[in-house]
Amino acid sequence: MNAKRNKGEKPPKTPRKPGKVKGKVKSATKIARTMLGRVIMGRHANGMRRVAITGMGTVNALGRDVPSTLEAMREGRCGIGPLEFRDVERLAIRIGGQVRDWEAETYFNRQQIVLYDKFTQFTLLAAREAVTQSGLVFEGELGLRSGVVLGTAAGGMNTWDENYRTVYEEGKNRVHPFVVPKLMNNAACSHLSMEYGLLGPSFTVATACASSNHAMGLAFNMVRSGAATVMLTGGSEAMLCFGGVKAWEGLRVMSKDACRPFSATRNGMVQGEGAGVFVFEDWEHAVARGADILAEVVGFSMSADAQDIVMPSAIGAERTITGAMLDAHMRPDEVGYINAHGTGTAANDKTECAAVAHAFGHHADRLMISSTKSMHGHLIGGTGAVELLACIMALRDGVIAPTIGYEEPDPECALDVVPNEAREARVEAVLSNAFAFGGLNAVIALRKA
Amino acid sequence: MTEIRDRIIQIIAEQAMLDPSELKLEMSPQEIGIDSLGLVESIFAIEEAFDISVPFNANEPEKSDFDISSLGAIIGAVEKLVAEKA
């Protein structure tokens, strides 16, 4: 609908004829494939636009920008270590992928800090890097046609934690007047729209561990449909505080020593914190201004297991992986690398490997799949965003980030998990998996630009 | 000791939505009808009831020091933890 309306509003300078489909076509799927499969410049034959990534930024346990993060991934460095915050000694789980020595004052002024929870701070810093790289200035028409969609699971958890402590533990009856605008899940999204004057569609999605993949998938579809020219997207999480980790401890799925995805010796997940923000831009718009295109977003799929609130389903994961490839018109044998959800729990890793094996058939033995959570930890609602960096590195630099901490093969995870050391390899197409608690799945497909 | 046993049976029975009389000591959590999430909740209830800390990681239940192979084993393990606390 949006594509139609926008087409009417602003017709392309040189009208392009839609690709002709000769002969009788039997199924709707076949029609969609034939039409979408044809790409003329920046547009698919059916009027759908191509989507370029023209900027990326991050803050996470491996680094405070993209170059340092990718360098750490190439070196297989671990950003997980002892947690440092108030009351940590009352926790059973004391490790995490924490952004160390974080001083908000380095990046923000007093007026900003009173309104920015840590998850907002991480988002804004990551966005600065991404927008600077893209070279975009959101003025006039572009500001009206650009928006923000971000993922987070817990929003301003540190703000909840600090203020509950104030009223419950310290018995005070007064809290800071900005607690609500600071902790709300859409705070980061709103501040980002204000920072850059983004006046188009803007919102936050919360689907636990799949939040940023859902956000990026929606941003992709908004640019592809023509509803927006540019979307800032990704996600953020800052749950590493006493209350945040205490809540996770209860589930008894956290490791006390390390995150070892796919290894037979794995004993749970390790939480991380930080943000990843990307600039998703209409391909023609990016080409017209001579932007450096980092990768192309080509497909997205989402689904629900409708089965269990914590246990993952191989069928649900497989459906979503296959769905993303169909949406991207990508053959399974084109996929060279998958950034796994790979949490390091007993349940996720074996389920995910079974799903990949089913979705790819014999090609499953030829592709590489790694979990970078072993290095930066599980950023929950922000994790897909930081992991997309590994996907872009694979396409752009030909470097596959490893799964570190790998000790012993697990017959239930018998895939090439790129153990411990990064690998050089040419890949043309990649997927990024996210399978959330609650059985909500989101998979994104990228191609080399 | 019977007090500990009865309390645990009560906790597990409540979790499984069964009458305590239906449980037998040799039954495994699975046989009682308790899944992994139910087990985590039962262990929490046991910790609260006896003010103890149960070493249990859902990722490697068989490797935990805490034996959960049967109702009887769970009772034995809790009795040990309660004794250690005293």
# chains A, B, ... in the order shown; residues from 1 in each chain; ligands from 1
call {"tool": "select_by_dssp", "arguments": {"residues": "segment 78-303 of chain A", "states": "helix (DSSP H, G or I)", "output": "MDAnalysis selection string"}}
result
chainID A and resid 88:90 104:106 110:113 118:134 141:144 157:169 179:183 187:196 208:225 242:249 283:288
call {"tool": "write_last_selection", "arguments": {"atoms": "C-alpha atoms", "output": "mmCIF file, in the first residue's frame"}}
result
data_model
loop_
_atom_site.group_PDB
_atom_site.id
_atom_site.type_symbol
_atom_site.label_atom_id
_atom_site.label_comp_id
_atom_site.auth_asym_id
_atom_site.auth_seq_id
_atom_site.Cartn_x
_atom_site.Cartn_y
_atom_site.Cartn_z
ATOM 1 C CA VAL A 88 27.576 -7.928 42.801
ATOM 2 C CA GLU A 89 28.782 -9.990 45.775
ATOM 3 C CA ARG A 90 25.163 -10.993 46.438
ATOM 4 C CA ALA A 104 28.714 8.832 30.610
ATOM 5 C CA GLU A 105 30.307 12.259 31.158
ATOM 6 C CA THR A 106 32.824 11.497 28.417
ATOM 7 C CA ARG A 110 24.631 16.808 32.603
ATOM 8 C CA GLN A 111 21.295 17.746 31.032
ATOM 9 C CA GLN A 112 21.465 14.719 28.784
ATOM 10 C CA ILE A 113 22.595 12.261 31.443
ATOM 11 C CA LYS A 118 22.601 3.521 29.955
ATOM 12 C CA PHE A 119 20.704 1.741 27.149
ATOM 13 C CA THR A 120 19.971 5.148 25.597
ATOM 14 C CA GLN A 121 23.580 6.255 26.045
ATOM 15 C CA PHE A 122 24.845 3.151 24.261
ATOM 16 C CA THR A 123 22.339 3.693 21.442
ATOM 17 C CA LEU A 124 23.246 7.340 20.899
ATOM 18 C CA LEU A 125 26.964 6.634 20.825
ATOM 19 C CA ALA A 126 26.514 3.784 18.346
ATOM 20 C CA ALA A 127 24.247 5.981 16.205
ATOM 21 C CA ARG A 128 26.839 8.768 16.093
ATOM 22 C CA GLU A 129 29.303 6.370 14.537
ATOM 23 C CA ALA A 130 26.760 4.953 12.075
ATOM 24 C CA VAL A 131 25.352 8.297 10.920
ATOM 25 C CA THR A 132 28.831 9.829 10.588
ATOM 26 C CA GLN A 133 29.920 6.909 8.426
ATOM 27 C CA SER A 134 26.840 7.198 6.219
ATOM 28 C CA GLU A 141 12.382 16.009 2.687
ATOM 29 C CA LEU A 142 14.880 13.394 3.896
ATOM 30 C CA GLY A 143 14.083 14.093 7.554
ATOM 31 C CA LEU A 144 10.380 13.625 6.807
ATOM 32 C CA MET A 157 16.633 -1.509 33.616
ATOM 33 C CA ASN A 158 19.373 0.404 35.465
ATOM 34 C CA THR A 159 16.917 3.213 36.123
ATOM 35 C CA TRP A 160 14.291 0.809 37.502
ATOM 36 C CA ASP A 161 16.963 -0.842 39.654
ATOM 37 C CA GLU A 162 18.398 2.361 41.097
ATOM 38 C CA ASN A 163 15.019 3.864 41.874
ATOM 39 C CA TYR A 164 13.503 0.742 43.396
ATOM 40 C CA ARG A 165 16.561 0.648 45.633
ATOM 41 C CA THR A 166 15.887 4.249 46.609
ATOM 42 C CA VAL A 167 12.272 3.661 47.613
ATOM 43 C CA TYR A 168 12.383 0.074 48.899
ATOM 44 C CA GLU A 169 15.849 -0.389 50.361
ATOM 45 C CA VAL A 179 12.419 8.391 36.063
ATOM 46 C CA VAL A 180 9.601 7.551 33.654
ATOM 47 C CA PRO A 181 10.964 9.211 30.488
ATOM 48 C CA LYS A 182 14.365 7.729 31.330
ATOM 49 C CA LEU A 183 13.302 4.111 31.755
ATOM 50 C CA ALA A 187 13.463 6.398 25.195
ATOM 51 C CA ALA A 188 16.455 5.484 23.024
ATOM 52 C CA CYS A 189 14.339 5.588 19.861
ATOM 53 C CA SER A 190 12.860 8.973 20.749
ATOM 54 C CA HIS A 191 16.213 10.541 21.634
ATOM 55 C CA LEU A 192 17.642 9.243 18.380
ATOM 56 C CA SER A 193 14.811 10.817 16.392
ATOM 57 C CA MET A 194 15.409 14.115 18.217
ATOM 58 C CA GLU A 195 19.180 14.008 17.796
ATOM 59 C CA TYR A 196 18.974 13.728 14.006
ATOM 60 C CA ALA A 208 13.340 -10.513 24.168
ATOM 61 C CA CYS A 209 16.423 -11.956 22.451
ATOM 62 C CA ALA A 210 15.015 -11.334 18.958
ATOM 63 C CA SER A 211 14.211 -7.627 19.508
ATOM 64 C CA SER A 212 16.915 -6.141 17.283
ATOM 65 C CA ASN A 213 16.416 -8.668 14.523
ATOM 66 C CA HIS A 214 12.721 -7.845 14.518
ATOM 67 C CA ALA A 215 13.561 -4.125 14.527
ATOM 68 C CA MET A 216 16.001 -4.439 11.634
ATOM 69 C CA GLY A 217 13.601 -6.647 9.698
ATOM 70 C CA LEU A 218 10.846 -4.068 10.060
ATOM 71 C CA ALA A 219 13.214 -1.249 9.074
ATOM 72 C CA PHE A 220 14.230 -3.279 6.018
ATOM 73 C CA ASN A 221 10.609 -3.757 5.009
ATOM 74 C CA MET A 222 9.839 -0.058 5.466
ATOM 75 C CA VAL A 223 12.664 0.986 3.148
ATOM 76 C CA ARG A 224 11.929 -1.833 0.712
ATOM 77 C CA SER A 225 8.258 -0.863 0.473
ATOM 78 C CA PHE A 242 22.039 -6.226 40.428
ATOM 79 C CA GLY A 243 18.317 -6.618 39.739
ATOM 80 C CA GLY A 244 18.845 -7.532 36.100
ATOM 81 C CA VAL A 245 21.304 -10.339 36.727
ATOM 82 C CA LYS A 246 19.457 -11.520 39.848
ATOM 83 C CA ALA A 247 16.337 -12.064 37.747
ATOM 84 C CA TRP A 248 18.283 -14.093 35.160
ATOM 85 C CA GLU A 249 19.956 -16.189 37.849
ATOM 86 C CA TRP A 283 19.579 1.720 -2.659
ATOM 87 C CA GLU A 284 18.920 4.308 -5.373
ATOM 88 C CA HIS A 285 19.245 7.101 -2.840
ATOM 89 C CA ALA A 286 22.564 5.700 -1.629
ATOM 90 C CA VAL A 287 23.919 5.201 -5.151
ATOM 91 C CA ALA A 288 22.784 8.653 -6.281
#
call {"tool": "select_by_dssp", "arguments": {"residues": "segment 272-364 of chain A", "states": "strand (DSSP E)", "output": "ChimeraX atom specification"}}
result
/A:274-282,295-304,335-339
call {"tool": "closest_residue", "arguments": {"among": "B:Val54, B:Met17, B:Ala77, B:Ile4", "to": "chain A", "atoms": "only C-alpha atoms"}}
result
B:Val54
call {"tool": "interface_residues", "arguments": {"of": "chain A", "to": "chain B", "cutoff": "10 Å", "atoms": "only C-alpha atoms", "output": "PyMOL selection string"}}
result
chain A and resi 92+249-256+265-269+309-311+344-347
call {"tool": "residues_around", "arguments": {"residues": "Arg74 of chain A", "least_positions_apart": "5", "cutoff": "9 Å", "atoms": "only C-alpha atoms", "output": "ChimeraX atom specification"}}
result
/A:69,399-402,421-423
call {"tool": "atom_distance", "arguments": {"atom1": "atom CA of Asp101 of chain A", "atom2": "atom CA of Arg64 of chain A"}}
result
11.2 Å
call {"tool": "atom_distance", "arguments": {"atom1": "atom CA of Leu240 of chain A", "atom2": "atom CA of Gly79 of chain A"}}
result
14.0 Å
call {"tool": "atom_distance", "arguments": {"atom1": "atom CA of Val356 of chain A", "atom2": "atom CA of Met330 of chain A"}}
result
15.1 Å
call {"tool": "residues_around", "arguments": {"residues": "segment 365-368 of chain A", "least_positions_apart": "4", "cutoff": "7 Å", "atoms": "only C-alpha atoms", "output": "list in words"}}
result
Val335, Gly336, Tyr337, Ile338, Leu415, Asp416, Val417 and Val418 of chain A
call {"tool": "closest_residue", "arguments": {"among": "A:Phe85, A:Val66, A:Ser202, A:Ala449", "to": "Glu296 of chain A", "atoms": "only C-alpha atoms"}}
result
A:Ala449
call {"tool": "closest_residue", "arguments": {"among": "B:Ile52, B:Ala83, B:Ala45, B:Ala16", "to": "Pro29 of chain B", "atoms": "only C-alpha atoms"}}
result
B:Ala16
call {"tool": "residues_around", "arguments": {"residues": "Lys24 of chain B", "least_positions_apart": "4", "cutoff": "10 Å", "atoms": "only C-alpha atoms", "output": "PyMOL selection string"}}
result
chain B and resi 9+20+28+31-32+70-72
call {"tool": "closest_residue", "arguments": {"among": "A:Val277, A:Ala324, A:Val230, A:Ile380", "to": "Arg50 of chain A", "atoms": "only C-alpha atoms"}}
result
A:Val230
call {"tool": "decode", "arguments": {"residues": "segment 40-84 of chain B", "atoms": "N, CA and C atoms", "output": "compact mmCIF listing (two decimals), in the first residue's frame"}}
result
# COMPACT_ATOMS: atom_id res chain seq x y z
N VAL B 40 12.89 -26.27 37.83
CA VAL B 40 13.52 -25.03 38.30
C VAL B 40 12.63 -24.36 39.34
N GLU B 41 11.33 -24.38 39.11
CA GLU B 41 10.40 -23.75 40.06
C GLU B 41 10.34 -24.54 41.37
N SER B 42 10.39 -25.88 41.26
CA SER B 42 10.37 -26.70 42.48
C SER B 42 11.61 -26.46 43.33
N ILE B 43 12.76 -26.35 42.65
CA ILE B 43 14.00 -26.12 43.39
C ILE B 43 13.96 -24.77 44.09
N PHE B 44 13.39 -23.79 43.42
CA PHE B 44 13.22 -22.47 44.06
C PHE B 44 12.36 -22.60 45.31
N ALA B 45 11.27 -23.35 45.20
CA ALA B 45 10.36 -23.52 46.35
C ALA B 45 11.09 -24.25 47.49
N ILE B 46 11.92 -25.23 47.14
CA ILE B 46 12.69 -25.96 48.16
C ILE B 46 13.69 -25.02 48.85
N GLU B 47 14.36 -24.19 48.06
CA GLU B 47 15.32 -23.23 48.63
C GLU B 47 14.62 -22.29 49.61
N GLU B 48 13.44 -21.84 49.23
CA GLU B 48 12.69 -20.92 50.08
C GLU B 48 12.22 -21.64 51.35
N ALA B 49 11.77 -22.88 51.20
CA ALA B 49 11.22 -23.60 52.34
C ALA B 49 12.28 -23.91 53.40
N PHE B 50 13.49 -24.23 52.95
CA PHE B 50 14.53 -24.67 53.91
C PHE B 50 15.65 -23.65 54.08
N ASP B 51 15.53 -22.52 53.43
CA ASP B 51 16.54 -21.48 53.46
C ASP B 51 17.93 -22.04 53.12
N ILE B 52 17.98 -22.73 52.02
CA ILE B 52 19.25 -23.29 51.54
C ILE B 52 19.49 -22.84 50.11
N SER B 53 20.72 -23.07 49.62
CA SER B 53 21.04 -22.74 48.24
C SER B 53 21.33 -24.06 47.52
N VAL B 54 20.54 -24.35 46.50
CA VAL B 54 20.69 -25.63 45.80
C VAL B 54 21.55 -25.44 44.55
N PRO B 55 22.68 -26.15 44.46
CA PRO B 55 23.53 -25.99 43.27
C PRO B 55 22.93 -26.75 42.09
N PHE B 56 22.24 -26.02 41.22
CA PHE B 56 21.60 -26.68 40.09
C PHE B 56 21.63 -25.78 38.86
N ASN B 57 22.22 -26.30 37.77
CA ASN B 57 22.26 -25.58 36.50
C ASN B 57 21.45 -26.39 35.49
N ALA B 58 20.40 -25.78 34.94
CA ALA B 58 19.50 -26.49 34.03
C ALA B 58 20.20 -26.97 32.76
N ASN B 59 21.38 -26.40 32.47
CA ASN B 59 22.12 -26.82 31.27
C ASN B 59 22.80 -28.17 31.44
N GLU B 60 23.13 -28.50 32.65
CA GLU B 60 23.82 -29.76 32.90
C GLU B 60 23.32 -30.39 34.19
N PRO B 61 22.03 -30.73 34.20
CA PRO B 61 21.43 -31.26 35.44
C PRO B 61 22.15 -32.50 35.95
N GLU B 62 22.66 -33.32 35.03
CA GLU B 62 23.30 -34.56 35.45
C GLU B 62 24.66 -34.31 36.10
N LYS B 63 25.26 -33.12 35.79
CA LYS B 63 26.58 -32.82 36.35
C LYS B 63 26.50 -32.11 37.70
N SER B 64 25.30 -31.64 38.07
CA SER B 64 25.17 -30.93 39.34
C SER B 64 25.44 -31.87 40.50
N ASP B 65 25.93 -31.30 41.59
CA ASP B 65 26.14 -32.10 42.80
C ASP B 65 24.80 -32.54 43.37
N PHE B 66 23.78 -31.81 42.95
CA PHE B 66 22.45 -32.04 43.48
C PHE B 66 21.75 -33.11 42.65
N ASP B 67 21.52 -34.28 43.25
CA ASP B 67 20.95 -35.42 42.54
C ASP B 67 19.43 -35.26 42.37
N ILE B 68 18.99 -35.22 41.13
CA ILE B 68 17.56 -35.02 40.88
C ILE B 68 16.96 -36.22 40.15
N SER B 69 17.67 -37.36 40.21
CA SER B 69 17.22 -38.52 39.41
C SER B 69 15.87 -39.08 39.88
N SER B 70 15.57 -38.93 41.15
CA SER B 70 14.27 -39.39 41.65
C SER B 70 13.84 -38.53 42.83
N LEU B 71 12.59 -38.69 43.20
CA LEU B 71 12.07 -37.94 44.34
C LEU B 71 12.89 -38.27 45.60
N GLY B 72 13.20 -39.55 45.77
CA GLY B 72 13.98 -39.98 46.93
C GLY B 72 15.36 -39.32 46.94
N ALA B 73 15.99 -39.26 45.73
CA ALA B 73 17.31 -38.65 45.62
C ALA B 73 17.26 -37.17 45.98
N ILE B 74 16.21 -36.49 45.53
CA ILE B 74 16.05 -35.06 45.84
C ILE B 74 15.93 -34.88 47.35
N ILE B 75 15.13 -35.72 47.98
CA ILE B 75 14.95 -35.62 49.44
C ILE B 75 16.29 -35.82 50.15
N GLY B 76 17.04 -36.84 49.70
CA GLY B 76 18.36 -37.11 50.29
C GLY B 76 19.30 -35.93 50.15
N ALA B 77 19.30 -35.32 48.96
CA ALA B 77 20.20 -34.20 48.69
C ALA B 77 19.82 -32.98 49.54
N VAL B 78 18.51 -32.77 49.70
CA VAL B 78 18.07 -31.63 50.52
C VAL B 78 18.43 -31.87 51.99
N GLU B 79 18.23 -33.10 52.45
CA GLU B 79 18.56 -33.42 53.85
C GLU B 79 20.04 -33.13 54.12
N LYS B 80 20.88 -33.46 53.12
CA LYS B 80 22.32 -33.22 53.25
C LYS B 80 22.61 -31.72 53.34
N LEU B 81 21.96 -30.95 52.46
CA LEU B 81 22.18 -29.51 52.46
C LEU B 81 21.70 -28.86 53.76
N VAL B 82 20.56 -29.36 54.27
CA VAL B 82 20.02 -28.81 55.52
C VAL B 82 20.97 -29.15 56.67
N ALA B 83 21.53 -30.37 56.65
CA ALA B 83 22.46 -30.79 57.70
C ALA B 83 23.74 -29.95 57.65
N GLU B 84 24.22 -29.68 56.43
CA GLU B 84 25.43 -28.87 56.27
C GLU B 84 25.24 -27.46 56.79
